[in-house]
$ cat query_13.cif   # mmCIF, C-alpha atoms
data_protein
loop_
_atom_site.label_atom_id
_atom_site.label_comp_id
_atom_site.auth_asym_id
_atom_site.auth_seq_id
_atom_site.Cartn_x
_atom_site.Cartn_y
_atom_site.Cartn_z
CA MET A 1 -47.96 58.69 20.03
CA ASP A 2 -44.29 58.12 19.28
CA TYR A 3 -44.43 57.49 15.52
CA GLN A 4 -41.54 57.91 13.08
CA ILE A 5 -41.58 59.53 9.63
CA VAL A 6 -39.48 58.05 6.84
CA ILE A 7 -38.85 59.51 3.39
CA PRO A 8 -37.02 57.32 0.86
CA SER A 9 -35.48 59.58 -1.78
CA PHE A 10 -33.19 59.20 -4.80
CA LYS A 11 -31.60 62.07 -6.74
CA ARG A 12 -34.23 64.51 -5.49
CA SER A 13 -32.64 66.49 -2.67
CA GLU A 14 -33.97 69.84 -3.91
CA LEU A 15 -37.43 68.41 -4.60
CA LEU A 16 -37.49 66.89 -1.12
CA ILE A 17 -36.82 70.28 0.47
CA LYS A 18 -39.38 72.13 -1.65
CA GLY A 19 -41.91 69.31 -1.42
CA THR A 20 -42.38 67.01 1.54
CA LEU A 21 -40.19 68.78 4.09
CA SER A 22 -41.87 72.11 3.38
CA THR A 23 -45.28 70.44 3.76
CA LEU A 24 -44.30 68.92 7.11
CA LYS A 25 -42.99 72.26 8.37
CA ARG A 26 -46.18 74.01 7.23
CA HIS A 27 -48.20 71.55 9.29
CA GLU A 28 -45.88 72.06 12.28
CA VAL A 29 -44.69 68.47 12.36
CA ASP A 30 -41.65 67.88 14.57
CA LEU A 31 -38.80 67.26 12.12
CA GLU A 32 -36.95 65.27 14.76
CA ARG A 33 -39.33 62.45 13.84
CA VAL A 34 -38.09 62.52 10.23
CA THR A 35 -35.42 60.35 8.63
CA VAL A 36 -34.49 60.65 4.96
CA TRP A 37 -33.29 57.34 3.51
CA THR A 38 -30.79 57.48 0.64
CA ALA A 39 -29.42 54.82 -1.71
CA SER A 40 -25.64 55.31 -1.43
CA ASP A 41 -22.84 57.07 0.41
CA ALA A 42 -22.55 59.64 -2.39
CA GLU A 43 -26.29 60.32 -2.24
CA THR A 44 -26.11 60.71 1.54
CA LYS A 45 -23.44 63.39 1.22
CA THR A 46 -25.43 65.19 -1.48
CA TYR A 47 -28.56 65.25 0.68
CA GLU A 48 -26.69 66.34 3.80
CA GLY A 49 -25.14 69.20 1.85
CA ALA A 50 -28.44 70.32 0.34
CA LEU A 51 -30.24 70.19 3.68
CA SER A 52 -27.46 72.10 5.42
CA LYS A 53 -27.49 74.77 2.71
CA ALA A 54 -31.27 75.12 3.09
CA GLY A 55 -30.97 75.38 6.87
CA VAL A 56 -33.08 72.25 7.44
CA SER A 57 -32.08 69.87 10.22
CA VAL A 58 -33.19 66.35 9.35
CA LYS A 59 -31.52 62.99 9.94
CA VAL A 60 -30.18 61.29 6.80
CA VAL A 61 -29.49 57.54 6.75
CA GLN A 62 -27.88 55.52 3.98
CA GLY A 63 -30.01 52.56 3.00
CA LEU A 64 -30.28 50.47 -0.17
CA SER A 65 -30.89 51.07 -3.85
CA GLY A 66 -34.39 50.19 -5.00
CA LEU A 67 -37.53 51.53 -3.36
CA CYS A 68 -38.99 48.19 -2.30
CA ARG A 69 -35.66 46.97 -0.89
CA GLN A 70 -35.45 50.27 0.95
CA ARG A 71 -38.90 49.80 2.48
CA VAL A 72 -37.98 46.29 3.68
CA LEU A 73 -34.80 47.64 5.27
CA ILE A 74 -36.72 50.47 6.95
CA SER A 75 -39.23 48.01 8.41
CA LYS A 76 -36.38 45.95 9.84
CA HIS A 77 -34.45 48.99 11.11
CA TYR A 78 -36.88 50.20 13.79
CA PRO A 79 -37.93 48.21 16.88
CA LYS A 80 -40.75 45.81 16.02
CA GLY A 81 -44.14 47.47 16.30
CA THR A 82 -42.88 51.05 15.85
CA PRO A 83 -45.56 53.11 14.01
CA ILE A 84 -44.00 54.42 10.77
CA LEU A 85 -45.45 57.08 8.50
CA SER A 86 -43.90 56.67 5.05
CA LEU A 87 -43.94 59.60 2.62
CA ASP A 88 -42.70 60.19 -0.90
CA ASP A 89 -40.31 63.11 -1.29
CA ASP A 90 -42.66 65.14 -3.52
CA VAL A 91 -45.71 65.72 -1.32
CA PHE A 92 -46.36 69.42 -2.02
CA SER A 93 -49.62 69.77 -0.11
CA LEU A 94 -52.52 67.90 1.46
CA HIS A 95 -56.13 68.37 0.43
CA THR A 96 -59.59 67.36 1.54
CA ILE A 97 -63.12 68.18 0.30
CA ASP A 98 -65.93 70.47 1.40
CA LYS A 99 -69.57 69.37 1.77
CA ASN A 100 -70.00 69.73 -2.02
CA LYS A 101 -66.96 67.49 -2.65
CA ARG A 102 -64.87 70.36 -3.93
CA LEU A 103 -61.17 70.17 -3.16
CA LYS A 104 -59.77 72.46 -0.51
CA PRO A 105 -56.47 72.61 1.43
CA PHE A 106 -56.24 70.28 4.41
CA GLU A 107 -56.10 72.59 7.42
CA GLY A 108 -56.51 70.03 10.17
CA CYS A 109 -53.75 68.75 12.44
CA LEU A 110 -51.56 66.36 10.45
CA SER A 111 -50.31 64.64 13.59
CA ARG A 112 -53.90 63.93 14.66
CA LEU A 113 -54.62 62.39 11.26
CA VAL A 114 -51.57 60.15 11.60
CA GLU A 115 -52.43 59.16 15.15
CA LYS A 116 -56.02 58.41 14.08
CA GLY A 117 -54.71 56.06 11.38
CA PHE A 118 -52.54 54.10 13.79
CA SER A 119 -55.25 54.10 16.47
CA LEU A 120 -57.75 52.57 14.04
CA CYS A 121 -55.18 49.90 13.16
CA GLU A 122 -54.89 48.99 16.82
CA LYS A 123 -58.69 48.85 17.21
CA THR A 124 -59.43 46.81 14.08
CA GLY A 125 -56.36 44.59 13.80
CA ALA A 126 -55.30 46.17 10.50
CA GLN A 127 -51.62 46.98 10.05
CA LEU A 128 -51.73 49.32 7.05
CA TRP A 129 -53.52 52.63 6.49
CA GLY A 130 -53.37 55.34 3.88
CA ILE A 131 -55.18 58.11 2.02
CA ASN A 132 -57.03 58.54 -1.25
CA PRO A 133 -54.63 58.03 -4.19
CA VAL A 134 -56.45 60.46 -6.50
CA MET A 135 -56.72 64.24 -6.27
CA ASN A 136 -60.29 64.39 -7.50
CA GLY A 137 -63.22 65.31 -5.27
CA PHE A 138 -65.60 63.17 -7.35
CA PHE A 139 -63.86 60.03 -6.05
CA MET A 140 -63.52 61.27 -2.47
CA ASP A 141 -65.88 61.20 0.51
CA HIS A 142 -66.01 62.13 4.22
CA THR A 143 -65.46 58.52 5.26
CA ILE A 144 -62.84 56.05 6.39
CA SER A 145 -63.04 52.71 4.61
CA ILE A 146 -62.03 49.50 6.35
CA GLY A 147 -61.69 46.51 4.02
CA LEU A 148 -59.84 46.38 0.70
CA ARG A 149 -58.82 49.67 -0.90
CA TYR A 150 -55.61 50.55 -2.75
CA ILE A 151 -53.03 52.06 -0.39
CA CYS A 152 -50.62 54.20 -2.39
CA GLY A 153 -46.98 54.52 -1.31
CA ILE A 154 -47.12 58.31 -1.46
CA PHE A 155 -48.48 58.52 2.10
CA PHE A 156 -49.13 55.50 4.31
CA GLY A 157 -48.74 54.15 7.83
CA SER A 158 -47.42 50.71 8.83
CA PHE A 159 -45.63 49.04 11.73
CA ALA A 160 -41.96 48.05 11.85
CA GLY A 161 -41.28 44.35 11.53
CA ASP A 162 -44.56 43.56 9.78
CA PRO A 163 -44.15 40.26 7.84
CA VAL A 164 -45.99 41.89 4.94
CA TRP A 165 -42.64 43.57 4.24
CA THR A 166 -40.13 41.37 6.05
CA GLY A 167 -41.61 37.87 5.78
CA GLU A 168 -39.72 35.04 4.08
CA ASP A 169 -42.74 34.49 1.84
CA ARG A 170 -42.08 37.88 0.25
CA LYS A 171 -40.68 36.60 -3.04
CA HIS A 172 -40.79 39.76 -5.15
CA LEU A 173 -39.42 43.29 -4.70
CA SER A 174 -40.83 45.25 -7.59
CA SER A 175 -42.23 48.52 -8.89
CA GLY A 176 -45.70 47.10 -8.20
CA GLU A 177 -45.01 47.11 -4.47
CA ASP A 178 -47.94 49.38 -3.54
CA PHE A 179 -50.44 46.87 -4.89
CA GLU A 180 -48.47 43.95 -3.51
CA ASN A 181 -48.29 45.47 -0.02
CA THR A 182 -51.99 46.31 -0.06
CA LEU A 183 -53.01 42.81 -1.07
CA ARG A 184 -50.57 41.08 1.27
CA SER A 185 -51.76 43.19 4.20
CA PHE A 186 -55.43 42.63 3.38
CA LYS A 187 -54.99 38.88 3.14
CA ARG A 188 -52.94 38.65 6.32
CA TYR A 189 -54.98 41.00 8.54
CA LYS A 190 -58.37 40.86 6.78
CA GLY A 191 -58.40 44.57 6.06
CA VAL A 192 -56.60 47.84 5.41
CA ILE A 193 -57.74 51.36 6.33
CA ARG A 194 -58.11 54.35 4.01
CA PHE A 195 -59.09 57.96 4.63
CA ASP A 196 -61.30 58.54 1.59
CA GLY A 197 -61.42 62.33 2.04
CA VAL A 198 -57.69 63.13 2.13
CA CYS A 199 -55.29 63.29 -0.81
CA VAL A 200 -51.96 64.90 -1.68
CA LYS A 201 -50.67 67.05 -4.49
CA THR A 202 -47.61 65.38 -5.93
CA LYS A 203 -45.52 65.38 -9.08
CA TYR A 204 -45.76 62.02 -10.80
CA PHE A 205 -42.79 60.99 -12.96
CA ALA A 206 -40.59 63.85 -11.77
CA PRO A 207 -36.87 63.43 -12.61
CA GLY A 208 -35.04 61.08 -10.25
CA GLY A 209 -36.81 58.58 -8.04
CA ILE A 210 -37.68 55.07 -9.14
CA GLU A 211 -37.56 56.03 -12.80
CA ALA A 212 -33.88 56.95 -12.53
CA GLU A 213 -33.13 53.77 -10.58
CA LEU A 214 -34.75 51.60 -13.25
CA GLY A 215 -32.88 53.25 -16.10
CA GLY A 216 -35.44 55.68 -17.52
CA ARG A 217 -39.15 55.93 -18.27
CA ASP A 218 -39.28 53.24 -20.97
CA LYS A 219 -37.50 50.71 -18.77
CA ARG A 220 -39.75 51.60 -15.85
CA ALA A 221 -42.90 51.21 -17.94
CA SER A 222 -41.82 47.81 -19.25
CA ASP A 223 -40.86 46.50 -15.82
CA HIS A 224 -43.98 47.93 -14.22
CA GLU A 225 -46.36 46.26 -16.67
CA GLN A 226 -44.70 42.88 -16.14
CA GLN A 227 -45.00 43.22 -12.37
CA LEU A 228 -48.61 44.35 -12.48
CA ARG A 229 -49.54 41.34 -14.63
CA ARG A 230 -47.77 39.03 -12.20
CA ILE A 231 -49.56 40.54 -9.18
CA ALA A 232 -52.99 40.32 -10.85
CA SER A 233 -52.35 36.69 -11.80
CA GLU A 234 -51.41 35.85 -8.19
CA HIS A 235 -54.54 37.52 -6.76
CA PRO A 236 -57.19 36.84 -9.44
CA LYS A 237 -60.16 37.11 -7.08
CA LEU A 238 -59.06 40.48 -5.71
CA SER A 239 -57.48 42.28 -8.68
CA LYS A 240 -57.45 42.63 -12.44
CA ILE A 241 -55.43 44.45 -15.08
CA TYR A 242 -56.96 47.30 -17.05
CA ARG A 243 -55.62 50.13 -19.22
CA LYS A 244 -56.06 53.80 -18.50
CA ALA A 245 -57.31 56.17 -21.20
CA ASP A 246 -53.71 56.81 -22.33
CA GLY A 247 -53.02 53.07 -22.63
CA THR A 248 -51.00 52.78 -19.44
CA PRO A 249 -51.62 49.46 -17.66
CA ASN A 250 -52.83 49.49 -14.08
CA ILE A 251 -54.50 47.25 -11.50
CA LYS A 252 -58.05 47.60 -10.24
CA LEU A 253 -58.69 46.06 -6.84
CA ARG A 254 -62.02 44.51 -5.98
CA PRO A 255 -63.53 46.94 -3.43
CA ILE A 256 -64.41 45.12 -0.22
CA THR A 257 -65.99 47.10 2.62
CA HIS A 258 -66.15 45.71 6.14
CA GLN A 259 -66.95 49.03 7.71
CA LYS A 260 -67.41 52.72 6.85
CA LEU A 261 -66.71 55.38 9.44
CA LYS A 262 -67.62 59.04 9.22
CA TRP A 263 -64.64 61.39 9.19
CA THR A 264 -64.30 65.14 8.72
#
$ encode --input "query_13.cif" --output "structure tokens"
Amino acid sequence: MDYQIVIPSFKRSELLIKGTLSTLKRHEVDLERVTVWTASDAETKTYEGALSKAGVSVKVVQGLSGLCRQRVLISKHYPKGTPILSLDDDVFSLHTIDKNKRLKPFEGCLSRLVEKGFSLCEKTGAQLWGINPVMNGFFMDHTISIGLRYICGIFFGSFAGDPVWTGEDRKHLSSGEDFENTLRSFKRYKGVIRFDGVCVKTKYFAPGGIEAELGGRDKRASDHEQQLRRIASEHPKLSKIYRKADGTPNIKLRPITHQKLKWT
């Protein structure tokens, strides 16, 4: 399958090399598939220099500032229907669970996982697939859920030109885009796909990234809460706001299951 891998990144060239690119190399993924998307000409030069110094050959393309705007541009950039695997720049490793639901390193073929995700989309009519957003075996299982599950932007598959991203009815480009994309895709295609037994080790709130683009952690938190409240109000039957133990606001999606497939 001729899928592409895109990695939007901002002020994290070193983290990108140590994180996602190292993970892809460890899983023997062809780096010719990979394109790193930057936010400015200066950023492009910084990334090209860092990659050259590290001896890593990866295409770098200048895009737009703002993660959601970047994702829209990426979806428009490739020929319509191109399978696109989107990754954050800080994916340090992939994990799955054993029969006792204990976490263990993912040692399967990453390309086969990706191809399975896109193949299931083609079979079911879904246009979005992803993996478990939490690194906790208690909340994981050896299944693939088809229905409504949260698809996190850390690691997900979609198709270029999908109106979920590019449609004129897309009125908001916000920090709540993961929830927005999940809900828009579910409503349009009647389902999304999630591998319940795969997760990634990442570094939330690392320097750079969306936090730097929004002007710091406090600004990000304020903007994020506003966007989450808006999204929940626009999809009241499918989502609701709640607060985590530390007081951070988040959205809980109503779990809808059309089908459960076994997966190991």
$ closest_atom_pairs --input "query_13.cif" --of "region 135-168 of chain A" --to "region 123-131 of chain A" --cutoff "7 Å" --atoms "all atoms listed in the file" --output "tab-separated table"
residue	atom	partner	partner_atom	distance
A:Ile151	CA	A:Gly130	CA	5.4
A:Cys152	CA	A:Gly130	CA	6.9
A:Phe155	CA	A:Gly130	CA	6.1
A:Phe156	CA	A:Gly130	CA	4.3
A:Gly157	CA	A:Trp129	CA	5.2
A:Ser158	CA	A:Leu128	CA	4.9
A:Phe159	CA	A:Gln127	CA	6.6
$ atom_distance --input "query_13.cif" --atom1 "CA of Ser22 (chain A)" --atom2 "CA of Ala42 (chain A)"
23.7 Å
$ resolve_selection --input "query_13.cif" --expression "the PyMOL selection byres ((chain A and resi 190) around 10)" --output "JSON, numbers by chain"
{"A": [124, 125, 126, 127, 146, 147, 148, 183, 184, 185, 186, 187, 188, 189, 191, 192, 258]}
$ write_last_selection --input "query_13.cif" --atoms "C-alpha atoms" --output "mmCIF file, in the coordinates of the input"
data_model
loop_
_atom_site.group_PDB
_atom_site.id
_atom_site.type_symbol
_atom_site.label_atom_id
_atom_site.label_comp_id
_atom_site.auth_asym_id
_atom_site.auth_seq_id
_atom_site.Cartn_x
_atom_site.Cartn_y
_atom_site.Cartn_z
ATOM 1 C CA THR A 124 -59.430 46.810 14.080
ATOM 2 C CA GLY A 125 -56.360 44.590 13.800
ATOM 3 C CA ALA A 126 -55.300 46.170 10.500
ATOM 4 C CA GLN A 127 -51.620 46.980 10.050
ATOM 5 C CA ILE A 146 -62.030 49.500 6.350
ATOM 6 C CA GLY A 147 -61.690 46.510 4.020
ATOM 7 C CA LEU A 148 -59.840 46.380 0.700
ATOM 8 C CA LEU A 183 -53.010 42.810 -1.070
ATOM 9 C CA ARG A 184 -50.570 41.080 1.270
ATOM 10 C CA SER A 185 -51.760 43.190 4.200
ATOM 11 C CA PHE A 186 -55.430 42.630 3.380
ATOM 12 C CA LYS A 187 -54.990 38.880 3.140
ATOM 13 C CA ARG A 188 -52.940 38.650 6.320
ATOM 14 C CA TYR A 189 -54.980 41.000 8.540
ATOM 15 C CA GLY A 191 -58.400 44.570 6.060
ATOM 16 C CA VAL A 192 -56.600 47.840 5.410
ATOM 17 C CA HIS A 258 -66.150 45.710 6.140
#
$ residues_around --input "query_13.cif" --residues "Leu24 (chain A)" --least-positions-apart "6" --cutoff "10 Å" --atoms "only C-alpha atoms" --output "count of residues only"
8
$ closest_residue --input "query_13.cif" --among "A:Gln4, A:Ile17, A:Ile251, A:Lys262" --to "His77 (chain A)" --atoms "all atoms listed in the file"
A:Gln4
$ closest_residue --input "query_13.cif" --among "A:Asp169, A:Asp196, A:Glu177, A:Asp89" --to "Asn132 (chain A)" --atoms "all atoms listed in the file"
A:Asp196
$ resolve_selection --input "query_13.cif" --expression "the PyMOL selection byres ((chain A and resi 173) around 6)" --output "PyMOL selection string"
chain A and resi 68+172+174
$ atom_distance --input "query_13.cif" --atom1 "CA of Gly197 (chain A)" --atom2 "CA of Lys101 (chain A)"
8.9 Å
$ residues_around --input "query_13.cif" --residues "Ile154 (chain A)" --least-positions-apart "4" --cutoff "12 Å" --atoms "all atoms listed in the file" --output "PyMOL selection string"
chain A and resi 6-9+20+67+85-94+129-134+150+177-178+199-204
$ residues_around --input "query_13.cif" --residues "His95 (chain A)" --least-positions-apart "6" --cutoff "7 Å" --atoms "all atoms listed in the file" --output "list in words"
Leu103, Lys104, Pro105, Phe106, Val198, Cys199 and Val200 of chain A
$ atom_distance --input "query_13.cif" --atom1 "CA of Arg33 (chain A)" --atom2 "CA of Ile84 (chain A)"
9.8 Å
$ resolve_selection --input "query_13.cif" --expression "the PyMOL selection byres ((chain A and resi 1) around 7)" --output "PyMOL selection string"
chain A and resi 2-3+115
$ axis_aligned_box --input "query_13.cif" --around "region 228-247 of chain A" --padding-each-side "6 Å" --output "AutoDock Vina command-line options"
--center_x -54.0 --center_y 46.3 --center_z -14.2 --size_x 24.4 --size_y 33.0 --size_z 28.9
$ closest_residue --input "query_13.cif" --among "A:Glu168, A:Asp162, A:Asp141, A:Glu32" --to "Leu261 (chain A)" --atoms "all atoms listed in the file"
A:Asp141
